[in-house]
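Coordinates from target.cif are shown below (mmCIF, C-alpha atoms).
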```cif
data_run
#
loop_
_atom_site.label_atom_id
_atom_site.label_comp_id
_atom_site.auth_asym_id
_atom_site.auth_seq_id
_atom_site.Cartn_x
_atom_site.Cartn_y
_atom_site.Cartn_z
CA MET A 1 178.80 61.39 107.31
CA LYS A 2 177.40 57.93 106.55
CA LYS A 3 179.24 56.39 109.46
CA GLN A 4 177.70 59.01 111.74
CA ILE A 5 174.17 58.10 110.77
CA ILE A 6 172.68 55.44 112.98
CA PHE A 7 169.62 53.48 112.00
CA LEU A 8 167.51 51.43 114.33
CA LEU A 9 166.78 48.17 112.54
CA SER A 10 165.07 46.00 115.13
CA PHE A 11 165.53 42.26 115.40
CA LEU A 12 162.95 40.14 113.65
CA PHE A 13 160.86 39.52 116.73
CA ALA A 14 160.62 43.24 117.41
CA VAL A 15 159.52 44.06 113.89
CA THR A 16 157.00 41.24 113.99
CA ALA A 17 155.62 42.67 117.22
CA LEU A 18 155.28 46.09 115.63
CA ASN A 19 153.37 44.61 112.73
CA ALA A 20 151.17 42.69 115.12
CA THR A 21 150.30 45.60 117.41
CA GLY A 22 150.83 48.75 115.40
CA ASN A 23 148.95 47.73 112.24
CA ALA A 24 146.89 44.73 113.26
CA ASP A 25 144.11 43.47 111.02
CA PRO A 26 140.79 44.77 112.42
CA SER A 27 139.26 41.28 112.39
CA ARG A 28 141.99 40.10 114.73
CA GLN A 29 142.76 43.18 116.74
CA SER A 30 140.55 46.20 116.25
CA LYS A 31 141.33 47.88 119.53
CA VAL A 32 144.62 49.11 120.90
CA LYS A 33 145.09 50.07 124.51
CA ASN A 34 146.05 53.64 125.31
CA SER A 35 147.85 53.49 128.62
CA THR A 36 148.01 57.27 129.10
CA ALA A 37 144.55 58.47 128.09
CA ASP A 38 142.85 58.04 131.46
CA SER A 39 142.10 55.43 134.07
CA SER A 40 139.45 53.76 131.95
CA ASP A 41 139.92 50.08 131.20
CA GLU A 42 138.16 50.50 127.87
CA LYS A 43 140.54 50.31 124.98
CA VAL A 44 141.07 52.90 122.28
CA VAL A 45 140.77 52.20 118.55
CA LYS A 46 143.38 53.62 116.22
CA ASP A 47 141.94 55.90 113.58
CA VAL A 48 143.67 53.99 110.79
CA HIS A 49 142.17 50.69 111.96
CA LEU A 50 138.70 52.21 112.20
CA ALA A 51 138.96 53.48 108.63
CA ARG A 52 140.18 50.12 107.32
CA GLU A 53 137.24 48.26 108.82
CA GLY A 54 134.74 50.63 107.20
CA GLY A 55 133.94 52.70 110.28
CA THR A 56 133.41 56.44 110.61
CA LEU A 57 136.20 58.66 111.90
CA PRO A 58 135.53 61.38 114.48
CA THR A 59 134.47 64.78 113.13
CA TYR A 60 134.27 68.29 114.55
CA SER A 61 130.67 69.04 115.52
CA ALA A 62 130.69 72.84 115.87
CA GLY A 63 131.08 74.02 112.28
CA ASP A 64 134.28 74.58 110.30
CA VAL A 65 137.19 73.39 112.44
CA TRP A 66 139.74 75.29 110.35
CA LYS A 67 137.83 78.54 110.76
CA TYR A 68 137.80 77.92 114.49
CA MET A 69 141.53 77.34 114.55
CA ASN A 70 142.36 80.38 112.42
CA ASP A 71 140.02 82.61 114.42
CA ASN A 72 141.70 81.65 117.70
CA VAL A 73 145.42 81.12 117.03
CA ASN A 74 147.72 83.99 117.89
CA PHE A 75 150.90 83.37 115.94
CA PRO A 76 153.99 85.54 116.55
CA ALA A 77 153.89 88.59 114.28
CA ASP A 78 157.45 88.03 113.08
CA ALA A 79 156.97 84.34 112.21
CA GLU A 80 158.13 83.32 108.74
CA LEU A 81 157.66 80.10 106.80
CA VAL A 82 161.12 79.07 105.64
CA ARG A 83 161.03 75.27 105.75
CA SER A 84 160.39 72.76 102.99
CA ASP A 85 157.75 71.11 105.16
CA ASN A 86 155.30 73.42 106.93
CA SER A 87 153.01 70.84 108.49
CA VAL A 88 151.80 70.31 112.03
CA ILE A 89 149.97 67.28 113.41
CA VAL A 90 148.24 67.17 116.78
CA HIS A 91 147.28 63.86 118.35
CA PHE A 92 144.36 63.40 120.73
CA VAL A 93 141.74 60.85 121.77
CA VAL A 94 138.04 61.35 121.05
CA GLU A 95 135.91 59.70 123.72
CA LYS A 96 132.57 58.04 123.06
CA ASP A 97 130.78 61.14 124.37
CA GLY A 98 132.78 63.37 122.01
CA SER A 99 135.08 64.86 124.65
CA LEU A 100 138.80 65.15 123.90
CA ASN A 101 141.90 64.26 125.92
CA THR A 102 145.50 63.02 125.68
CA PHE A 103 146.75 65.89 123.54
CA SER A 104 150.30 65.91 122.19
CA LEU A 105 152.26 67.13 119.18
CA PHE A 106 152.72 64.28 116.74
CA ALA A 107 154.74 66.28 114.23
CA GLY A 108 155.65 69.91 113.77
CA SER A 109 157.91 72.30 111.93
CA TYR A 110 157.99 75.55 113.93
CA PRO A 111 158.02 75.19 117.75
CA ALA A 112 156.30 78.53 118.44
CA LEU A 113 153.57 77.96 115.86
CA ASP A 114 153.14 74.31 116.79
CA ALA A 115 152.70 75.15 120.47
CA GLU A 116 150.00 77.68 119.61
CA VAL A 117 148.15 75.17 117.43
CA LEU A 118 148.27 72.66 120.28
CA ARG A 119 146.98 75.28 122.73
CA VAL A 120 143.98 76.16 120.58
CA ALA A 121 143.27 72.52 119.73
CA LYS A 122 142.82 71.84 123.44
CA THR A 123 140.00 74.43 123.52
CA MET A 124 137.94 72.73 120.81
CA LYS A 125 134.39 71.79 121.72
CA LYS A 126 133.10 68.27 121.58
CA TRP A 127 133.49 66.19 118.44
CA LYS A 128 131.25 63.51 117.01
CA PRO A 129 132.81 60.22 118.17
CA GLY A 130 134.19 57.53 115.92
CA LYS A 131 131.92 54.63 115.03
CA ARG A 132 132.43 51.11 113.82
CA ALA A 133 130.74 49.95 110.64
CA ASN A 134 127.87 48.60 112.77
CA GLY A 135 127.28 52.02 114.37
CA GLU A 136 128.96 51.26 117.71
CA LYS A 137 130.65 54.33 119.23
CA VAL A 138 134.27 53.80 120.20
CA ARG A 139 137.11 55.69 121.84
CA THR A 140 139.31 56.72 118.93
CA THR A 141 142.77 58.16 118.40
CA PHE A 142 142.87 61.04 115.96
CA LEU A 143 145.62 62.83 114.07
CA PHE A 144 144.59 66.42 113.33
CA GLY A 145 146.93 67.52 110.57
CA GLY A 146 147.33 70.99 109.11
CA VAL A 147 149.77 72.94 106.98
CA TYR A 148 150.90 76.52 107.48
CA LYS A 149 150.46 78.93 104.58
CA SER A 150 151.26 82.63 104.35
CA GLU A 151 148.51 84.88 102.99
CA ASN A 152 148.84 88.66 102.80
CA GLY A 153 151.50 88.62 105.47
CA LYS A 154 149.44 86.44 107.81
CA ILE A 155 149.98 82.78 108.58
CA LYS A 156 146.90 80.58 108.29
CA LEU A 157 146.18 76.89 108.75
CA TYR A 158 144.81 74.60 106.08
CA PRO A 159 144.14 70.85 106.22
CA LEU A 160 146.89 68.52 105.11
CA PRO A 161 146.24 66.88 101.74
CA GLU A 162 144.47 63.57 102.14
CA ARG A 163 146.60 60.47 101.89
CA GLU A 164 146.29 58.72 98.54
CA PRO A 165 144.33 55.44 98.47
CA GLU A 166 146.48 52.33 98.56
CA LYS A 167 147.53 51.20 95.11
CA TYR A 168 147.67 47.51 96.02
CA GLN A 169 144.11 46.26 95.73
CA GLY A 170 144.46 42.62 96.77
CA GLU A 171 144.03 41.08 100.20
CA VAL A 172 146.82 42.11 102.57
CA CYS A 173 147.98 40.05 105.54
CA THR A 174 149.21 41.99 108.56
CA VAL A 175 150.67 39.13 110.61
CA ALA A 176 152.05 36.28 108.52
CA ASP A 177 153.62 33.02 109.61
CA LYS A 178 156.75 34.11 107.77
CA MET A 179 157.18 37.87 107.42
CA PRO A 180 158.78 39.42 104.31
CA GLN A 181 162.55 39.85 104.27
CA PHE A 182 165.00 42.16 102.57
CA PRO A 183 167.18 40.02 100.27
CA GLY A 184 170.24 39.13 102.30
CA GLY A 185 168.64 39.84 105.67
CA PHE A 186 168.97 42.69 108.15
CA GLY A 187 172.67 43.16 107.59
CA ALA A 188 172.17 43.69 103.87
CA MET A 189 169.27 46.04 104.52
CA ASN A 190 171.29 48.07 107.00
CA LYS A 191 174.08 48.37 104.44
CA PHE A 192 171.63 49.41 101.73
CA ILE A 193 170.11 52.15 103.89
CA SER A 194 173.52 53.38 105.04
CA GLU A 195 174.78 53.65 101.47
CA ASN A 196 171.70 55.44 100.17
CA MET A 197 170.70 57.69 103.05
CA GLN A 198 171.29 61.42 102.86
CA TYR A 199 170.54 62.97 106.24
CA PRO A 200 168.51 66.04 105.26
CA ALA A 201 170.52 69.25 105.69
CA GLU A 202 167.34 70.92 106.91
CA ALA A 203 166.94 68.34 109.68
CA ILE A 204 170.54 68.93 110.73
CA GLU A 205 170.01 72.69 110.77
CA TYR A 206 166.96 72.34 113.02
CA LYS A 207 168.61 69.60 115.09
CA GLU A 208 165.92 67.04 114.33
CA GLU A 209 166.36 63.39 115.11
CA GLY A 210 164.15 60.56 116.23
CA ASN A 211 162.23 57.50 115.09
CA VAL A 212 160.34 57.07 111.85
CA MET A 213 158.03 54.14 111.27
CA VAL A 214 157.87 53.31 107.57
CA GLN A 215 154.88 51.21 106.57
CA PHE A 216 154.59 49.52 103.19
CA ILE A 217 153.08 46.53 101.44
CA VAL A 218 155.20 43.68 100.08
CA SER A 219 153.28 41.97 97.27
CA PRO A 220 153.42 38.21 96.55
CA THR A 221 156.05 39.01 93.90
CA GLY A 222 158.13 40.94 96.45
CA GLN A 223 157.39 44.36 94.99
CA ILE A 224 157.12 47.24 97.47
CA SER A 225 154.16 49.65 97.28
CA ASP A 226 152.19 52.14 99.34
CA VAL A 227 155.17 53.45 101.29
CA PHE A 228 154.18 55.76 104.14
CA GLY A 229 156.41 57.09 106.90
CA VAL A 230 155.30 58.64 110.19
CA VAL A 231 157.11 59.77 113.29
CA ARG A 232 156.72 57.53 116.31
CA CYS A 233 155.71 60.07 118.97
CA ARG A 234 152.23 58.82 119.78
CA PHE A 235 150.63 58.75 123.25
CA ASN A 236 153.81 60.32 124.59
CA GLU A 237 153.85 63.99 125.57
CA LYS A 238 157.54 63.81 126.45
CA CYS A 239 158.53 62.73 122.95
CA PRO A 240 159.63 65.84 121.01
CA SER A 241 157.86 66.44 117.72
CA THR A 242 159.85 66.55 114.51
CA SER A 243 158.96 67.70 111.02
CA LEU A 244 158.00 65.27 108.31
CA VAL A 245 161.32 65.88 106.55
CA LEU A 246 162.81 62.78 108.16
CA ALA A 247 159.73 60.72 107.31
CA LYS A 248 159.99 61.76 103.67
CA GLU A 249 163.66 60.79 103.55
CA ALA A 250 162.87 57.39 105.04
CA GLU A 251 160.15 56.93 102.43
CA ARG A 252 162.57 57.83 99.66
CA ILE A 253 165.06 55.18 100.75
CA VAL A 254 162.44 52.42 101.04
CA LYS A 255 161.16 53.22 97.54
CA LEU A 256 164.68 52.59 96.23
CA MET A 257 164.85 49.10 97.71
CA PRO A 258 164.93 46.02 95.47
CA ASN A 259 162.11 43.50 95.61
CA TRP A 260 161.82 41.72 98.95
CA ILE A 261 161.35 38.03 99.67
CA PRO A 262 157.55 37.92 100.13
CA GLY A 263 155.78 36.71 103.24
CA GLU A 264 154.09 33.35 103.65
CA HIS A 265 150.96 32.39 105.56
CA ASN A 266 149.39 28.95 105.86
CA GLY A 267 151.87 27.70 103.29
CA GLU A 268 150.93 30.31 100.70
CA ILE A 269 152.83 33.37 99.47
CA VAL A 270 150.83 36.45 100.46
CA ALA A 271 150.88 40.22 100.28
CA THR A 272 151.99 41.52 103.68
CA ARG A 273 151.84 44.88 105.41
CA TYR A 274 155.22 45.60 106.96
CA VAL A 275 156.49 48.23 109.40
CA LEU A 276 160.16 49.17 109.37
CA PRO A 277 161.43 51.27 112.32
CA VAL A 278 164.22 53.68 111.40
CA LYS A 279 166.06 55.84 113.92
CA PHE A 280 167.73 59.07 112.82
CA LYS A 281 170.61 60.26 114.98
CA LEU A 282 172.22 63.63 114.35
CA PRO A 283 175.86 63.52 113.20
CA GLN A 284 178.27 64.34 116.00
#
```
Rewrite the structure of this file - the entire thing - as structure tokens.
Amino acid sequence: MKKQIIFLLSFLFAVTALNATGNADPSRQSKVKNSTADSSDEKVVKDVHLAREGGTLPTYSAGDVWKYMNDNVNFPADAELVRSDNSVIVHFVVEKDGSLNTFSLFAGSYPALDAEVLRVAKTMKKWKPGKRANGEKVRTTFLFGGVYKSENGKIKLYPLPEREPEKYQGEVCTVADKMPQFPGGFGAMNKFISENMQYPAEAIEYKEEGNVMVQFIVSPTGQISDVFGVVRCRFNEKCPSTSLVLAKEAERIVKLMPNWIPGEHNGEIVATRYVLPVKFKLPQ
């Protein structure tokens, strides 16, 4: 089984590029271009970057968004919740005037239910746009995440639990002169993942595979913290959504890793935010 599992561990320059563009420090790069949103030349700000710089994320402006969703979804009557992860995440862009576009499924667990959530999400009225800390309105990506729950024989949507605040409280560098390294290099890291990975039986049953981006902080002592995995299907309607089961497995493996060799910047050892791409390929 282990030999059948393939992990995508990019070369150093590729990982560095991901850290530079996917999680850039707002003071250096607060806007990220969305090449599929529309023909506008104005760039789009990632929701996570907006939050880090103290801005305000977009919000639904027509009341309770979850009431709207539950009042309008028409889930199949015979649908049952049988998975360990019952979440669904819809991605879209909120324009500066509050209009929405560029809808896609970012993650899902039940194709029929996920498709219905996406359909209703596209009918939502205008939102309040995202704003920088100085009040400037900006085009913003947004991940609208919910979880399915069964109540009295009816499936309803509830918001996903909020992500816990980062435990590491010191200054974190996103792009360092020398990025952190797994002890022994990529080969050793690949071996470690291969020996510790257990491809989730649930993911095999539902034929789920794809890329997971695992973000974490490597402290100046090399300790790993704040591990968070997400699927990579963003700004891409052709990329099939997968459940968060694979992301959770990737997180589990990273949390088992030994201390890394910390990053260095301007000759000093620093805490560094790192992004590790992992590709799950179904066993043949």
Between A:Thr174, A:Asn259, A:Gln215, A:Ser84, which one has atoms that come closest to Ala271 (chain A), using all atoms listed in the file?
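Answer, going by the shortest atom-to-atom distance: A:Thr174.
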Of the residues A:Asn72, A:His91, A:Asn196, A:Pro161, which is the one nearest to Leu256 (chain A), using only C-alpha atoms?
A:Asn196
Return the single residue from A:Asn101, A:Thr221, A:Asp114, A:Gly130 that is closest to Pro180 (chain A), with distances computed using only C-alpha atoms.
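Nearest candidate to Pro180 (chain A) out of A:Asn101, A:Thr221, A:Asp114, A:Gly130: A:Thr221.
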Pairwise distance for CA of Thr59 (chain A) and CA of Val212 (chain A), rounded to one decimal in Å
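Answer for the CA of Thr59 (chain A) to CA of Val212 (chain A) separation: 27.0 Å.
Each of A:Glu80, A:Asp97, A:Glu264, A:Glu208 was compared to Thr140 (chain A) using only C-alpha atoms, and A:Asp97 turns out to be the nearest.
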Pick out the closest residue to Leu57 (chain A) from this set: A:Glu42, A:Asp71, A:Glu251, A:Glu136. Count all atoms listed in the file.
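Checking each of A:Glu42, A:Asp71, A:Glu251, A:Glu136 against Leu57 (chain A), counting all atoms listed in the file, the winner is A:Glu136.
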Quick one: distance from CA of Val65 (chain A) to CA of Leu113 (chain A) in Å, one decimal?
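Between CA of Val65 (chain A) and CA of Leu113 (chain A) the gap is 17.3 Å.
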Quick one: which residues end up in the PyMOL selection byres ((chain A and resi 63) around 12) for this structure, as a PyMOL selection string?
chain A and resi 59-62+64-69+124-128
Could you tell me which residues the PyMOL selection byres ((chain A and resi 53) around 8) grabs in this file, written as a short mmCIF file (atom, residue, chain, number, x, y, z; two decimals) with C-alpha atoms, in the frame of the given file?
```
data_model
loop_
_atom_site.label_atom_id
_atom_site.label_comp_id
_atom_site.auth_asym_id
_atom_site.auth_seq_id
_atom_site.Cartn_x
_atom_site.Cartn_y
_atom_site.Cartn_z
CA PRO A 26 140.79 44.77 112.42
CA HIS A 49 142.17 50.69 111.96
CA LEU A 50 138.70 52.21 112.20
CA ALA A 51 138.96 53.48 108.63
CA ARG A 52 140.18 50.12 107.32
CA GLY A 54 134.74 50.63 107.20
CA GLY A 55 133.94 52.70 110.28
CA ARG A 132 132.43 51.11 113.82
CA ALA A 133 130.74 49.95 110.64
#
```
Separation of CA of Glu209 (chain A) from CA of Val94 (chain A), in Å and rounded to one decimal:
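Distance reported for this atom pair: 29.0 Å.
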Chain and number of each residue from the PyMOL selection byres ((chain A and resi 273-277) around 6), as a PyMOL selection string
chain A and resi 19+174+212-217+272+278
Point out the residue among A:Val82, A:Val117, A:Ile269, A:Thr123 with the least atom-to-atom distance to Leu100 (chain A), counting all atoms listed in the file.
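So, comparing all the options, the nearest one is A:Thr123.
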Extract region 168-182 of chain A from the coordinates I pasted, and write it as a compact mmCIF listing (two decimals), in the first residue's frame (atoms kept: all heavy atoms).
```txt
# COMPACT_ATOMS: atom_id res chain seq x y z
N TYR A 168 1.49 30.27 17.93
CA TYR A 168 2.77 30.98 17.93
C TYR A 168 2.50 32.48 17.89
O TYR A 168 1.86 32.98 16.95
CB TYR A 168 3.63 30.57 16.74
CG TYR A 168 5.03 31.13 16.80
CD1 TYR A 168 6.02 30.48 17.53
CD2 TYR A 168 5.34 32.33 16.18
CE1 TYR A 168 7.30 31.00 17.62
CE2 TYR A 168 6.62 32.86 16.27
CZ TYR A 168 7.59 32.20 16.99
OH TYR A 168 8.85 32.74 17.09
N GLN A 169 2.98 33.20 18.88
CA GLN A 169 2.65 34.61 19.02
C GLN A 169 3.74 35.56 18.56
O GLN A 169 3.54 36.77 18.54
CB GLN A 169 2.31 34.90 20.49
CG GLN A 169 1.06 34.18 20.97
CD GLN A 169 -0.17 34.56 20.19
OE1 GLN A 169 -0.49 35.76 20.04
NE2 GLN A 169 -0.88 33.58 19.66
N GLY A 170 4.91 35.04 18.21
CA GLY A 170 5.99 35.92 17.79
C GLY A 170 5.85 36.35 16.33
O GLY A 170 4.92 35.96 15.63
N GLU A 171 6.79 37.16 15.89
CA GLU A 171 6.81 37.61 14.50
C GLU A 171 7.14 36.44 13.58
O GLU A 171 8.04 35.65 13.87
CB GLU A 171 7.83 38.73 14.33
CG GLU A 171 7.84 39.33 12.93
CD GLU A 171 8.81 40.50 12.81
OE1 GLU A 171 9.36 40.92 13.86
OE2 GLU A 171 9.02 40.98 11.69
N VAL A 172 6.40 36.33 12.49
CA VAL A 172 6.58 35.21 11.57
C VAL A 172 6.96 35.74 10.20
O VAL A 172 6.29 36.60 9.64
CB VAL A 172 5.29 34.36 11.45
CG1 VAL A 172 5.51 33.21 10.48
CG2 VAL A 172 4.89 33.82 12.82
N CYS A 173 8.04 35.21 9.67
CA CYS A 173 8.52 35.58 8.33
C CYS A 173 7.89 34.63 7.31
O CYS A 173 7.82 33.43 7.52
CB CYS A 173 10.03 35.50 8.28
SG CYS A 173 10.76 36.01 6.71
N THR A 174 7.40 35.18 6.21
CA THR A 174 6.79 34.35 5.18
C THR A 174 7.80 33.96 4.11
O THR A 174 7.80 32.83 3.63
CB THR A 174 5.61 35.09 4.52
OG1 THR A 174 4.65 35.40 5.53
CG2 THR A 174 4.93 34.23 3.47
N VAL A 175 8.65 34.87 3.71
CA VAL A 175 9.69 34.58 2.72
C VAL A 175 11.05 34.89 3.35
O VAL A 175 11.39 36.05 3.57
CB VAL A 175 9.50 35.42 1.44
CG1 VAL A 175 10.56 35.06 0.42
CG2 VAL A 175 8.10 35.19 0.86
N ALA A 176 11.79 33.85 3.66
CA ALA A 176 13.10 34.01 4.30
C ALA A 176 14.21 33.78 3.30
O ALA A 176 14.02 33.13 2.27
CB ALA A 176 13.23 33.04 5.47
N ASP A 177 15.38 34.32 3.60
CA ASP A 177 16.54 34.10 2.74
C ASP A 177 16.85 32.61 2.64
O ASP A 177 17.21 32.10 1.58
CB ASP A 177 17.76 34.85 3.30
CG ASP A 177 17.57 36.35 3.29
OD1 ASP A 177 16.81 36.86 2.44
OD2 ASP A 177 18.19 37.03 4.15
N LYS A 178 16.70 31.93 3.76
CA LYS A 178 16.93 30.49 3.80
C LYS A 178 15.71 29.87 4.47
O LYS A 178 15.47 30.05 5.65
CB LYS A 178 18.20 30.16 4.59
CG LYS A 178 18.55 28.68 4.60
CD LYS A 178 19.86 28.45 5.35
CE LYS A 178 20.23 26.97 5.36
NZ LYS A 178 21.50 26.74 6.10
N MET A 179 14.91 29.13 3.68
CA MET A 179 13.67 28.56 4.19
C MET A 179 13.97 27.36 5.10
O MET A 179 15.02 26.73 4.99
CB MET A 179 12.77 28.13 3.03
CG MET A 179 12.28 29.27 2.16
SD MET A 179 11.28 30.48 3.08
CE MET A 179 9.80 29.52 3.41
N PRO A 180 13.04 27.04 6.00
CA PRO A 180 13.23 25.88 6.88
C PRO A 180 13.38 24.59 6.08
O PRO A 180 12.91 24.50 4.94
CB PRO A 180 11.95 25.87 7.71
CG PRO A 180 11.39 27.24 7.60
CD PRO A 180 11.77 27.73 6.25
N GLN A 181 14.03 23.61 6.69
CA GLN A 181 14.24 22.33 6.02
C GLN A 181 13.94 21.17 6.98
O GLN A 181 14.22 21.25 8.17
CB GLN A 181 15.68 22.18 5.54
CG GLN A 181 16.12 23.18 4.50
CD GLN A 181 17.55 22.94 4.08
OE1 GLN A 181 17.93 21.82 3.69
NE2 GLN A 181 18.39 23.97 4.15
N PHE A 182 13.37 20.11 6.41
CA PHE A 182 13.23 18.87 7.17
C PHE A 182 14.63 18.30 7.38
O PHE A 182 15.43 18.31 6.45
CB PHE A 182 12.36 17.88 6.38
CG PHE A 182 12.05 16.60 7.11
CD1 PHE A 182 10.91 16.50 7.89
CD2 PHE A 182 12.89 15.50 7.00
CE1 PHE A 182 10.61 15.32 8.57
CE2 PHE A 182 12.61 14.32 7.68
CZ PHE A 182 11.47 14.23 8.46
```
